[in-house]
Amino acid sequence: MKVVGIIAEYNPFHRGHEYQIRYAKETLGADYVVIAMSGDFVQRGAPALMEKHVRAEMALLGGADLVLEMPVQTATASAEGFAAGGVSLLDGLGVIDELCFGSECGDTEILMDVAEILVKEPSEYRDLLQQNLRAGMSFPAARSSALIGYIQEKIAFGLNTLGSTSSEHIELVLSSPNNILGIEYCKALLRLNSRIIPHALLRKGNGYHDTDFSLLSDEKFPSASGIRNFMKKSEKAGQSADFSRLIPSASISGFLDSLEKGAWLSDSALDLPLHYKLLLESEETLQMYPDLSDALIRRILKSRNQYEGFSQFADLLKTRDITRSAICRSLVRIFLNQKTKAPGHIPYARVLGFRKSSAPLLSQIKKNSSIPLITKAADASSILDENALQLFHETCEASNLYEMLLCHKTGLPFIHEMKKPLRII
């Protein structure tokens, strides 16, 4: 039995995601594909477009065999925390052979080589990094510049460990979001000394923020951010939109049903509740949130009387040293009252859905997994230790807040997280 893992958000699930699952089965030879998926809040710092069970079902209809939920602390962490948590979850199952992830370069070897430098942190690299941070660079910019400088030094002295790779190529690799996330996956695998083999799949199709879908073909896929922007523009213009070229035909029914009911959220859903939450905060309470710097806390307190909405406030808080995505993640954590740091190790695997045909896979996981498998939310309290149960409860609370926002928008009845059934295909 060969099992391939994918770490994803599916925000929403689209044709490029379907292609990745098909690639895992047809090219990598996977008998089963397991997805570690963000729940109701996502890594860019926002509510998910559609609730997690809808997205899990879309993935299952698109070819996935098992969908597991990453805890909210991991799903809303930095790229490093997101990758570490996702890899930990898949590694804990004891059955995953390969990790397949998209990247702009599609070069697993170079991503692993860069990851090794970042994990080992040679002294020359560390010195350059500290210099850049002292100069006021944000951490991502400081790290990228230090890495390029380190490689240039090695090339100058004929000691480059990355073969014929040039510093210009490294700079190009480090400027692309999916490459950066791929490097984080590789770092996490190295730090765990995992048996899982990484596999970078060359990303095809629209760029990360591209909304021009006029040139889509079988070899050109949409971006999730592009679809979200397309939805917002269509709604604002009062026009119906055709998603048949963007969403796989097998998965589109749940997507269209949610669309028809208005059961989807954008960043603006947080406008009012976040404002209320910010008005309750003080310097002392804000210091209780993980990864909130003193500089950001000061800016939040100084600027909150100028609050107009989530996106506007994130733009207002942005500085050269604090990226917008980091600010959005911090604001979401404040809204969720999330004061538990993202765990490096995920201590359980919660099932959101599975295919009936994946019974042999589930049997193998139960035999080999080092972490408990939760198929019924009510069982969590009897099988998880105190720390794991806290992660689980905070994730459930976040999903209840998401459900509150969704019900407020649609008028549909509230369904408590503990009452939501698995999606079984």
# chains A, B, ... in the order shown; residues from 1 in each chain; ligands from 1

call {"tool": "closest_atom_pairs", "arguments": {"of": "region 380-406 of chain A", "to": "region 68-74 of chain A", "cutoff": "10 Å", "atoms": "only C-alpha atoms", "output": "tab-separated table"}}
result
residue	atom	partner	partner_atom	distance
A:Ala388	CA	A:Pro71	CA	9.9
A:Leu391	CA	A:Pro71	CA	6.6
A:Phe392	CA	A:Pro71	CA	6.8
A:His393	CA	A:Pro71	CA	9.5
A:Glu394	CA	A:Val72	CA	7.4
A:Thr395	CA	A:Val72	CA	5.1
A:Cys396	CA	A:Val72	CA	8.6
A:Glu397	CA	A:Val72	CA	9.5
A:Ala398	CA	A:Val72	CA	7.2
A:Ser399	CA	A:Val72	CA	8.8

call {"tool": "residues_around", "arguments": {"residues": "region 371-374 of chain A", "least_positions_apart": "4", "cutoff": "10 Å", "atoms": "only C-alpha atoms", "output": "PyMOL selection string"}}
result
chain A and resi 68+89+91-94+346-352+362+365-366+378-380+383-384

call {"tool": "atom_distance", "arguments": {"atom1": "CA of Leu202 (chain A)", "atom2": "CA of Ser223 (chain A)"}}
result
14.0 Å

call {"tool": "residues_around", "arguments": {"residues": "region 170-180 of chain A", "least_positions_apart": "6", "cutoff": "8 Å", "atoms": "only C-alpha atoms", "output": "PyMOL selection string"}}
result
chain A and resi 102-105+111+144+148+208

call {"tool": "closest_residue", "arguments": {"among": "A:Leu128, A:Leu405, A:Leu336, A:Met231", "to": "Gln152 (chain A)", "atoms": "only C-alpha atoms"}}
result
A:Leu128

call {"tool": "atom_distance", "arguments": {"atom1": "CA of Val54 (chain A)", "atom2": "CA of Asn400 (chain A)"}}
result
15.2 Å

call {"tool": "residues_around", "arguments": {"residues": "region 75-81 of chain A", "least_positions_apart": "5", "cutoff": "6 Å", "atoms": "only C-alpha atoms", "output": "JSON, numbers by chain"}}
result
{"A": [38, 42, 43, 184]}

call {"tool": "residues_around", "arguments": {"residues": "region 9-20 of chain A", "least_positions_apart": "2", "cutoff": "8 Å", "atoms": "only C-alpha atoms", "output": "VMD selection string"}}
result
chain A and resid 7 22 to 24 37 to 39 42 48 to 50 55 58 to 59 62 to 63 100 102 201 204 to 205 221 to 225 227 to 228 246 to 248

call {"tool": "select_by_dssp", "arguments": {"residues": "region 156-401 of chain A", "states": "strand (DSSP E or B)", "output": "list in words"}}
result
Ile197, Pro198, His199, Ala200, Leu201, Leu202, Ser217, Lys220, Ala349, Arg350, Val351, Leu352, Gly353, Phe354, Leu373 and Ile374 of chain A

call {"tool": "write_last_selection", "arguments": {"atoms": "N, CA and C atoms", "output": "PDB file, in the first residue's frame"}}
result
ATOM      1  N   ILE A 197       8.890  11.082   2.155  1.00  0.00           N
ATOM      2  CA  ILE A 197       9.716  11.656   1.093  1.00  0.00           C
ATOM      3  C   ILE A 197       8.980  12.849   0.480  1.00  0.00           C
ATOM      4  N   PRO A 198       9.630  14.019   0.379  1.00  0.00           N
ATOM      5  CA  PRO A 198       8.967  15.170  -0.234  1.00  0.00           C
ATOM      6  C   PRO A 198       8.939  15.068  -1.756  1.00  0.00           C
ATOM      7  N   HIS A 199       7.907  15.617  -2.354  1.00  0.00           N
ATOM      8  CA  HIS A 199       7.808  15.631  -3.818  1.00  0.00           C
ATOM      9  C   HIS A 199       7.171  16.947  -4.247  1.00  0.00           C
ATOM     10  N   ALA A 200       7.965  17.814  -4.880  1.00  0.00           N
ATOM     11  CA  ALA A 200       7.468  19.111  -5.346  1.00  0.00           C
ATOM     12  C   ALA A 200       6.845  18.952  -6.729  1.00  0.00           C
ATOM     13  N   LEU A 201       5.587  19.323  -6.848  1.00  0.00           N
ATOM     14  CA  LEU A 201       4.862  19.265  -8.110  1.00  0.00           C
ATOM     15  C   LEU A 201       4.871  20.655  -8.734  1.00  0.00           C
ATOM     16  N   LEU A 202       5.318  20.758  -9.988  1.00  0.00           N
ATOM     17  CA  LEU A 202       5.364  22.047 -10.674  1.00  0.00           C
ATOM     18  C   LEU A 202       3.964  22.632 -10.776  1.00  0.00           C
ATOM     19  N   SER A 217      -7.114  26.470 -19.537  1.00  0.00           N
ATOM     20  CA  SER A 217      -7.217  25.289 -20.390  1.00  0.00           C
ATOM     21  C   SER A 217      -6.973  24.080 -19.509  1.00  0.00           C
ATOM     22  N   LYS A 220      -3.895  24.695 -17.623  1.00  0.00           N
ATOM     23  CA  LYS A 220      -3.791  25.966 -16.904  1.00  0.00           C
ATOM     24  C   LYS A 220      -4.909  26.037 -15.880  1.00  0.00           C
ATOM     25  N   ALA A 349      -5.543  13.151  15.353  1.00  0.00           N
ATOM     26  CA  ALA A 349      -5.970  13.307  13.961  1.00  0.00           C
ATOM     27  C   ALA A 349      -7.493  13.252  13.919  1.00  0.00           C
ATOM     28  N   ARG A 350      -8.110  14.396  13.667  1.00  0.00           N
ATOM     29  CA  ARG A 350      -9.566  14.429  13.612  1.00  0.00           C
ATOM     30  C   ARG A 350     -10.043  14.250  12.172  1.00  0.00           C
ATOM     31  N   VAL A 351     -10.903  13.282  11.963  1.00  0.00           N
ATOM     32  CA  VAL A 351     -11.419  12.968  10.631  1.00  0.00           C
ATOM     33  C   VAL A 351     -12.605  13.875  10.318  1.00  0.00           C
ATOM     34  N   LEU A 352     -12.528  14.554   9.156  1.00  0.00           N
ATOM     35  CA  LEU A 352     -13.666  15.335   8.667  1.00  0.00           C
ATOM     36  C   LEU A 352     -14.502  14.540   7.674  1.00  0.00           C
ATOM     37  N   GLY A 353     -13.848  13.615   6.966  1.00  0.00           N
ATOM     38  CA  GLY A 353     -14.572  12.798   6.006  1.00  0.00           C
ATOM     39  C   GLY A 353     -13.666  11.762   5.376  1.00  0.00           C
ATOM     40  N   PHE A 354     -14.275  10.750   4.788  1.00  0.00           N
ATOM     41  CA  PHE A 354     -13.498   9.699   4.118  1.00  0.00           C
ATOM     42  C   PHE A 354     -14.367   8.984   3.093  1.00  0.00           C
ATOM     43  N   LEU A 373      -6.902   8.616  16.526  1.00  0.00           N
ATOM     44  CA  LEU A 373      -7.750   9.011  15.401  1.00  0.00           C
ATOM     45  C   LEU A 373      -9.145   9.292  15.950  1.00  0.00           C
ATOM     46  N   ILE A 374      -9.635  10.512  15.723  1.00  0.00           N
ATOM     47  CA  ILE A 374     -10.954  10.898  16.222  1.00  0.00           C
ATOM     48  C   ILE A 374     -11.950  10.909  15.078  1.00  0.00           C
TER      49      ILE A 374
END

call {"tool": "closest_residue", "arguments": {"among": "A:Gln390, A:Ser330, A:Ser325, A:Ser369", "to": "Leu274 (chain A)", "atoms": "only C-alpha atoms"}}
result
A:Ser330

call {"tool": "atom_distance", "arguments": {"atom1": "CA of Arg245 (chain A)", "atom2": "CA of Gly5 (chain A)"}}
result
26.0 Å

call {"tool": "residues_around", "arguments": {"residues": "Ala263 (chain A)", "least_positions_apart": "6", "cutoff": "8 Å", "atoms": "only C-alpha atoms", "output": "JSON, numbers by chain"}}
result
{"A": [50, 406, 409, 410]}

call {"tool": "residues_around", "arguments": {"residues": "Tyr289 (chain A)", "least_positions_apart": "5", "cutoff": "12 Å", "atoms": "only C-alpha atoms", "output": "list in words"}}
result
Gln73, Glu281, Ser282, Glu283, Glu284, Asp294, Leu296, Ile297, Arg329, Ser330, Leu331, Val332, Arg333, Ile334, Phe335, Leu336, Asn337, Gln338, Lys339, Thr340, Lys341 and Ala342 of chain A

call {"tool": "write_last_selection", "arguments": {"atoms": "N, CA and C atoms", "output": "tab-separated table (two decimals), in the first residue's frame"}}
result
chain	number	residue	atom	x	y	z
A	73	GLN	N	-4.93	26.43	15.73
A	73	GLN	CA	-3.66	27.08	16.07
A	73	GLN	C	-2.63	26.88	14.96
A	281	GLU	N	-9.84	44.91	24.61
A	281	GLU	CA	-8.45	44.54	24.88
A	281	GLU	C	-7.67	45.69	25.53
A	282	SER	N	-6.65	45.31	26.28
A	282	SER	CA	-5.70	46.26	26.87
A	282	SER	C	-4.29	45.79	26.53
A	283	GLU	N	-3.30	46.57	26.91
A	283	GLU	CA	-1.92	46.15	26.65
A	283	GLU	C	-1.63	44.82	27.34
A	284	GLU	N	-2.14	44.65	28.56
A	284	GLU	CA	-1.89	43.43	29.33
A	284	GLU	C	-2.54	42.22	28.66
A	294	ASP	N	5.52	43.63	20.64
A	294	ASP	CA	5.21	44.86	21.38
A	294	ASP	C	4.88	46.00	20.41
A	296	LEU	N	3.48	45.76	17.42
A	296	LEU	CA	2.12	45.60	16.88
A	296	LEU	C	1.07	45.92	17.94
A	297	ILE	N	1.33	45.53	19.16
A	297	ILE	CA	0.39	45.84	20.25
A	297	ILE	C	0.22	47.36	20.39
A	329	ARG	N	-3.23	37.45	10.60
A	329	ARG	CA	-3.23	36.27	11.47
A	329	ARG	C	-3.38	36.69	12.94
A	330	SER	N	-2.70	37.76	13.31
A	330	SER	CA	-2.80	38.25	14.69
A	330	SER	C	-4.22	38.74	15.00
A	331	LEU	N	-4.83	39.44	14.07
A	331	LEU	CA	-6.20	39.93	14.27
A	331	LEU	C	-7.19	38.78	14.39
A	332	VAL	N	-6.99	37.74	13.59
A	332	VAL	CA	-7.87	36.57	13.68
A	332	VAL	C	-7.70	35.88	15.03
A	333	ARG	N	-6.46	35.77	15.50
A	333	ARG	CA	-6.24	35.15	16.81
A	333	ARG	C	-6.90	35.95	17.93
A	334	ILE	N	-6.88	37.28	17.80
A	334	ILE	CA	-7.55	38.12	18.79
A	334	ILE	C	-9.06	37.88	18.74
A	335	PHE	N	-9.62	37.85	17.54
A	335	PHE	CA	-11.06	37.58	17.40
A	335	PHE	C	-11.43	36.24	18.02
A	336	LEU	N	-10.59	35.23	17.81
A	336	LEU	CA	-10.87	33.89	18.32
A	336	LEU	C	-10.49	33.73	19.80
A	337	ASN	N	-9.88	34.77	20.38
A	337	ASN	CA	-9.38	34.69	21.76
A	337	ASN	C	-8.41	33.53	21.91
A	338	GLN	N	-7.60	33.35	20.90
A	338	GLN	CA	-6.71	32.19	20.80
A	338	GLN	C	-5.35	32.52	21.43
A	339	LYS	N	-5.13	32.01	22.62
A	339	LYS	CA	-3.91	32.34	23.36
A	339	LYS	C	-2.96	31.15	23.50
A	340	THR	N	-3.27	30.07	22.80
A	340	THR	CA	-2.40	28.89	22.79
A	340	THR	C	-1.53	28.93	21.54
A	341	LYS	N	-0.24	28.79	21.72
A	341	LYS	CA	0.71	28.84	20.60
A	341	LYS	C	0.53	27.62	19.70
A	342	ALA	N	0.80	27.79	18.44
A	342	ALA	CA	0.71	26.67	17.49
A	342	ALA	C	1.65	25.55	17.92
